[in-house]
$ cat start31.cif   # mmCIF, C-alpha atoms
data_upload
#
loop_
_atom_site.label_atom_id
_atom_site.label_comp_id
_atom_site.auth_asym_id
_atom_site.auth_seq_id
_atom_site.Cartn_x
_atom_site.Cartn_y
_atom_site.Cartn_z
CA MET R 5 -9.98 -20.29 15.87
CA PRO R 6 -6.51 -19.61 14.44
CA ILE R 7 -6.09 -18.90 10.75
CA LYS R 8 -4.41 -21.61 8.71
CA GLU R 9 -0.78 -20.88 7.96
CA GLU R 10 -1.35 -21.66 4.24
CA TYR R 11 -3.87 -18.81 4.02
CA LYS R 12 -1.35 -16.38 5.49
CA GLU R 13 1.39 -17.64 3.15
CA GLU R 14 -0.90 -17.20 0.13
CA ALA R 15 -1.56 -13.58 1.13
CA LEU R 16 2.17 -12.90 1.54
CA LEU R 17 2.89 -14.47 -1.88
CA LYS R 18 0.35 -12.08 -3.43
CA LEU R 19 2.17 -9.19 -1.77
CA LYS R 20 5.47 -10.44 -3.19
CA ARG R 21 3.96 -10.81 -6.68
CA VAL R 22 2.73 -7.22 -6.85
CA GLY R 23 5.92 -5.91 -5.25
CA ASP R 24 8.12 -7.77 -7.71
CA ALA R 25 6.02 -6.45 -10.61
CA ILE R 26 6.21 -2.80 -9.58
CA ARG R 27 9.82 -2.78 -8.33
CA PRO R 28 11.44 -2.38 -11.83
CA ARG R 29 9.15 0.58 -12.54
CA ILE R 30 10.25 2.22 -9.28
CA GLU R 31 13.91 1.59 -10.09
CA GLU R 32 13.44 3.35 -13.46
CA LEU R 33 11.66 6.30 -11.85
CA ILE R 34 14.40 6.72 -9.25
CA LYS R 35 16.94 7.11 -12.07
CA THR R 36 14.94 10.00 -13.57
CA VAL R 37 14.36 12.00 -10.37
CA ASP R 38 16.88 14.43 -8.89
CA PRO R 39 18.53 12.78 -5.82
CA GLU R 40 18.03 15.98 -3.82
CA ASP R 41 14.28 15.81 -4.45
CA ILE R 42 14.26 12.20 -3.23
CA GLU R 43 16.19 13.19 -0.10
CA PHE R 44 13.41 15.60 0.93
CA GLY R 45 10.59 13.54 -0.58
CA THR R 46 8.91 13.89 -3.94
CA ARG R 47 5.69 12.82 -5.59
CA VAL R 48 5.79 11.00 -8.95
CA GLU R 49 2.96 9.77 -11.15
CA LEU R 50 3.05 6.39 -12.86
CA LYS R 51 0.80 5.14 -15.65
CA ALA R 52 0.81 1.35 -15.63
CA GLU R 53 -2.42 -0.15 -16.91
CA GLU R 54 -0.78 -3.58 -17.01
CA LEU R 55 -0.53 -3.48 -13.19
CA GLU R 56 -4.24 -2.73 -12.66
CA ALA R 57 -5.52 -6.33 -12.42
CA LEU R 58 -2.55 -7.43 -10.34
CA TRP R 59 -3.03 -4.50 -7.92
CA LYS R 60 -6.71 -5.32 -7.53
CA GLU R 61 -6.05 -9.03 -6.87
CA CYS R 62 -2.93 -8.73 -4.72
CA VAL R 63 -3.57 -5.51 -2.78
CA GLU R 64 -7.23 -4.57 -2.72
CA GLU R 65 -8.60 -8.12 -2.53
CA ASN R 66 -5.85 -9.59 -0.34
CA ASN R 67 -7.88 -10.79 2.63
CA TYR R 68 -5.33 -11.82 5.24
CA MET R 69 -3.82 -8.89 7.14
CA SER R 70 -2.81 -8.22 10.73
CA VAL R 71 -4.47 -5.42 12.70
CA VAL R 72 -1.76 -2.98 13.81
CA PHE R 73 -3.79 0.04 14.97
CA THR R 74 -7.32 0.79 16.13
CA GLU R 75 -8.76 4.00 17.48
CA VAL R 76 -12.22 5.41 18.09
CA MET R 77 -12.22 9.13 17.35
CA GLU R 78 -14.76 11.90 17.86
CA HIS R 79 -15.23 14.25 14.95
CA HIS R 80 -17.57 17.18 14.32
CA ASP R 81 -19.94 14.87 12.40
CA GLY R 82 -19.86 12.03 14.97
CA ALA R 83 -17.61 9.21 16.09
CA TYR R 84 -15.65 6.98 13.78
CA LEU R 85 -13.47 3.92 14.02
CA LYS R 86 -10.03 4.02 12.42
CA VAL R 87 -8.23 0.71 11.77
CA ILE R 88 -4.92 -0.01 10.04
CA PHE R 89 -4.19 -3.49 8.70
CA LYS R 90 -0.72 -4.58 7.54
CA ASN R 91 0.99 -7.35 5.60
CA SER R 92 4.74 -7.39 5.28
CA THR R 93 7.59 -9.43 3.91
CA GLU R 94 11.30 -8.68 3.95
CA ASP R 95 11.03 -6.44 0.89
CA TYR R 96 7.45 -5.15 0.85
CA GLU R 97 4.74 -3.78 3.12
CA GLU R 98 1.08 -3.33 2.41
CA ASP R 99 -1.24 -1.15 4.49
CA ARG R 100 -5.02 -0.95 4.40
CA TYR R 101 -6.58 2.05 6.12
CA VAL R 102 -10.24 1.64 7.06
CA SER R 103 -12.45 4.36 8.56
CA ILE R 104 -16.01 3.58 9.61
CA ARG R 105 -18.08 6.64 10.39
CA SER R 106 -21.09 6.71 12.70
CA SER R 107 -23.20 7.55 9.63
CA GLY R 108 -22.28 4.12 8.23
CA ARG R 109 -19.93 5.46 5.55
CA VAL R 110 -16.85 3.29 5.08
CA GLU R 111 -13.60 4.57 3.54
CA ILE R 112 -10.87 2.14 2.51
CA ASN R 113 -7.44 3.16 1.19
CA HIS R 114 -4.44 1.03 0.29
CA ALA R 115 -0.71 1.69 0.18
CA LEU R 116 2.20 -0.49 -0.92
CA PHE R 117 5.68 0.28 0.37
CA VAL R 118 8.77 -0.80 -1.56
CA THR R 119 12.35 0.00 -0.57
CA VAL R 120 14.80 0.19 -3.47
CA GLU R 121 18.47 1.19 -3.09
CA GLY R 122 17.86 3.22 0.08
CA VAL R 123 14.72 4.89 -1.28
CA ARG R 124 11.35 4.09 0.23
CA ALA R 125 8.45 4.32 -2.22
CA ARG R 126 4.84 4.59 -1.08
CA VAL R 127 2.55 3.50 -3.93
CA GLU R 128 -1.17 4.29 -4.11
CA ARG R 129 -3.64 3.67 -6.90
CA VAL R 130 -5.50 6.85 -7.88
CA GLY R 131 -7.45 5.62 -10.90
CA GLU R 132 -7.62 2.98 -13.61
CA GLY R 133 -3.97 2.17 -14.31
CA ALA R 134 -2.81 5.35 -12.56
CA PHE R 135 -0.58 5.32 -9.51
CA VAL R 136 1.05 7.96 -7.35
CA LEU R 137 4.41 7.28 -5.72
CA PHE R 138 5.99 9.23 -2.92
CA LEU R 139 9.76 8.68 -3.00
CA LYS R 140 11.93 9.52 0.00
CA SER R 141 15.40 8.47 1.09
CA SER R 142 15.22 6.09 4.02
#

$ encode --input "start31.cif" --output "structure tokens"
Amino acid sequence: MPIKEEYKEEALLKLKRVGDAIRPRIEELIKTVDPEDIEFGTRVELKAEELEALWKECVEENNYMSVVFTEVMEHHDGAYLKVIFKNSTEDYEEDRYVSIRSSGRVEINHALFVTVEGVRARVERVGEGAFVLFLKSS
């Protein structure tokens, strides 16, 4: 059964909301980092407790995503399934990385990608109100 288009649009609007909220913070950070560091890629930390609830709602709990990659891999501790889900709009991309191990352990990670003035920022939440950005010229 196909998913209703309204459900997909709601998920993409959530992506836009979180992207629009974090974009000004990224623009400010870009101004403070040496352009040469950005050219080769640099890691920057961001404290933004006001983005915590929005991140949780619009990234971690955003349920509609397309499957873009699946792979079953053998590892020293058994097999595991690796799946990447993606949502994207013109300005923003959201990835969810899911690994399911044969032991039953599930690992889920999220990343938000924002491109600002030729710089691609990968945003990940690392704690309550704490984010890590990887900035690189695109």

$ closest_atom_pairs --input "start31.cif" --of "range 70-122 of chain R" --to "range 32-35 of chain R" --cutoff "12 Å" --atoms "all atoms listed in the file" --output "Markdown table"
| residue | atom | partner | partner_atom | distance |
| --- | --- | --- | --- | --- |
| R:Thr119 | CA | R:Ile34 | CA | 11.2 |
| R:Val120 | CA | R:Ile34 | CA | 8.7 |
| R:Glu121 | CA | R:Ile34 | CA | 9.2 |
| R:Gly122 | CA | R:Ile34 | CA | 10.5 |

$ atom_distance --input "start31.cif" --atom1 "CA of Gly108 in chain R" --atom2 "CA of Thr74 in chain R"
17.2 Å

$ closest_residue --input "start31.cif" --among "R:Val123, R:Leu85, R:Val118, R:Val130" --to "Lys51 in chain R" --atoms "all atoms listed in the file"
R:Val130

$ closest_residue --input "start31.cif" --among "R:Leu58, R:Leu116, R:Val136, R:Ile7" --to "Tyr96 in chain R" --atoms "only C-alpha atoms"
R:Leu116

$ residues_around --input "start31.cif" --residues "range 42-49 of chain R" --least-positions-apart "5" --cutoff "8 Å" --atoms "all atoms listed in the file" --output "list of chain:residue names"
R:Val37, R:Val123, R:Ala134, R:Phe135, R:Val136, R:Leu137, R:Phe138, R:Leu139, R:Lys140, R:Ser141

$ closest_residue --input "start31.cif" --among "R:Arg27, R:Asp41, R:Val72, R:Ala52" --to "Arg126 in chain R" --atoms "all atoms listed in the file"
R:Arg27

$ resolve_selection --input "start31.cif" --expression "the PyMOL selection byres ((chain R and resi 64-68) around 12)" --output "ChimeraX atom specification"
/R:7-22,56-63,69-71,89-92,98-102,112-116,128-129

$ atom_distance --input "start31.cif" --atom1 "CA of Gly23 in chain R" --atom2 "CA of Glu54 in chain R"
13.7 Å

$ closest_residue --input "start31.cif" --among "R:Ile88, R:Ala125, R:Leu50, R:Leu55" --to "Ala25 in chain R" --atoms "all atoms listed in the file"
R:Leu55

$ atom_distance --input "start31.cif" --atom1 "CA of Ser103 in chain R" --atom2 "CA of Val127 in chain R"
19.5 Å

$ residues_near_point --input "start31.cif" --point "(-9.4, 4.1, 18.8)" --cutoff "9 Å" --atoms "only C-alpha atoms" --output "list in words"
Phe73, Thr74, Glu75, Val76, Met77, Tyr84, Leu85, Lys86 and Val87 of chain R

$ closest_residue --input "start31.cif" --among "R:Asp81, R:Asp38, R:Glu31, R:Glu53" --to "Gly131 in chain R" --atoms "all atoms listed in the file"
R:Glu53

$ axis_aligned_box --input "start31.cif" --around "range 74-85 of chain R" --padding-each-side "6 Å" --output "AutoDock Vina command-line options"
--center_x -13.6 --center_y 9.0 --center_z 15.2 --size_x 24.6 --size_y 28.4 --size_z 17.7
